[in-house]
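Q: Please find one structure pasted underneath; my questions will follow.
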Amino acid sequence: MKLISASSVVVAATVISAANAAAFPSLPSIPESCLEIPKVLGNKPLQLLQYFHKEVCEQNCTATINQHNAYVQNQVLPQLIQDVDQKLGISATEQAQFKQLQTQAVAAVEKSCSAKGNKPLCNDIQGLVDYGFCAFQATEPIFKSHLSQLQSGSLNITEAKCDKIKELDSDATVWQKTLPSYIDKFAQECANEK
């Protein structure tokens with residue numbers, strides 16, 4: 001799992017809770033605005049992936065999945081998480097919970113999927129699918145265990161927070177400048193390694 005942020009945790013919790021409502025009847029109801037987050041995202045992630053393919057893969061980048069993950073973990077996530085936490089007013093307790101979730105998920109993926117991560121990042125669809133499936137399998141138990149925080153109410157998902165996430169996800173600057181700038185930097189690193 002490459003990006004784990006407050007927004008992705010809320011989206012994951014929304015999807016998991018909706019899919020497992022019968023299996024986990026004690027889950028709190030998810031605020032309506034949280035359920036609208038995927039709709040707000042629309043095709044922005046796909047457009048970002050297309051930009052990545054054009055700027056990185058079509059330029060014959062030879063980086064591996066693991067090299068890209070290291071870049072994301074070291075260069076992208078710290079700043080993005082700090083920005084999101086600040087904009088959403090995430091409490092120190094919630095920040096610690098998200099950090100724990102992120103640390104556990106990254107460790108699980110590294111432990112289970114590092115061999116698959118040695119495959120090329122670009123132009124190996126099956127390698128990416130295999131890695132993605134491995135990452136999903138490695139992190140699924142971690143996300144399920146963190147559902148207890150939702151059940152106990154210790155993770156405070158509110159209508160107001162989801163509205164702020166929707167606002168962030170609607171911000172053209174994030175999708176047209178901030179995130180593409182990280183792709184541009186990664187593309188430059190690839191070009192420098194040639």
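Note on naming: chains are A, B, ... as they come in the structure tokens, residues start from 1 per chain, ligands start from 1 in the order shown.
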Each residue of segment 105-190 of chain A with at least one atom at most 12 Å from segment 53-73 of chain A should appear once, together with its nearest atom pair and the corresponding distance in Å (one decimal); atoms considered: only C-alpha atoms; ordering: chain, then increasing residue number; output as CSV.

A:
```
residue,atom,partner,partner_atom,distance
A:Ala105,CA,A:Gln73,CA,11.9
A:Val106,CA,A:Gln73,CA,8.9
A:Ala107,CA,A:Gln73,CA,11.6
A:Val109,CA,A:Asn66,CA,10.3
A:Glu110,CA,A:Asn66,CA,8.6
A:Lys111,CA,A:Asn66,CA,11.9
A:Cys113,CA,A:Asn66,CA,9.2
A:Ser114,CA,A:Asn66,CA,7.0
A:Ala115,CA,A:Asn66,CA,8.9
A:Lys116,CA,A:Ile65,CA,8.1
A:Gly117,CA,A:Ile65,CA,4.8
A:Asn118,CA,A:Thr64,CA,5.4
A:Lys119,CA,A:Thr64,CA,5.4
A:Pro120,CA,A:Thr64,CA,4.3
A:Leu121,CA,A:Ile65,CA,4.6
A:Cys122,CA,A:Cys57,CA,5.2
A:Asn123,CA,A:Cys57,CA,7.0
A:Asp124,CA,A:Ile65,CA,10.3
A:Ile125,CA,A:Ile65,CA,11.6
A:Gly127,CA,A:Ile65,CA,9.0
A:Leu128,CA,A:Ile65,CA,7.8
A:Val129,CA,A:Ile65,CA,11.3
A:Asp130,CA,A:Ile65,CA,11.2
A:Tyr131,CA,A:Ile65,CA,8.3
A:Gly132,CA,A:Ile65,CA,10.2
A:Ala135,CA,A:Ile65,CA,11.7
A:Leu179,CA,A:Val72,CA,11.1
A:Pro180,CA,A:Glu55,CA,9.5
A:Ser181,CA,A:Glu55,CA,10.9
A:Tyr182,CA,A:Val72,CA,8.6
A:Ile183,CA,A:Glu55,CA,7.5
A:Asp184,CA,A:Glu55,CA,7.1
A:Lys185,CA,A:Tyr71,CA,9.7
A:Phe186,CA,A:Tyr71,CA,7.5
A:Ala187,CA,A:Val56,CA,5.0
A:Gln188,CA,A:Val56,CA,8.6
A:Glu189,CA,A:Cys61,CA,9.1
A:Cys190,CA,A:Cys61,CA,5.4
```

Q: Atom CA of Glu167 of chain A and atom CA of Val40 of chain A, how far apart in Å?

A: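 About the pair atom CA of Val40 of chain A and atom CA of Glu167 of chain A: they are 8.7 Å apart.
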
Q: I need the residue nearest Val174 of chain A from this list: A:Ala191, A:Ile142, A:Leu41, A:Ile30. Use only C-alpha atoms for the distance.

A: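 With only C-alpha atoms as the atom set, the closest residue is A:Leu41.
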
Q: Excluding segment 31-33 of chain A and any residue of its chain fewer than 5 positions from it, enumerate the residues within 7 Å of it, using only C-alpha atoms, and give them as a PyMOL selection string.

A: chain A and resi 158-159+162-163

Q: Record the distance separating atom CA of Ser29 of chain A and atom CA of Ile157 of chain A, expressed in Å with one decimal.

A: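 So the two atoms, atom CA of Ser29 of chain A and atom CA of Ile157 of chain A, lie 9.7 Å apart.
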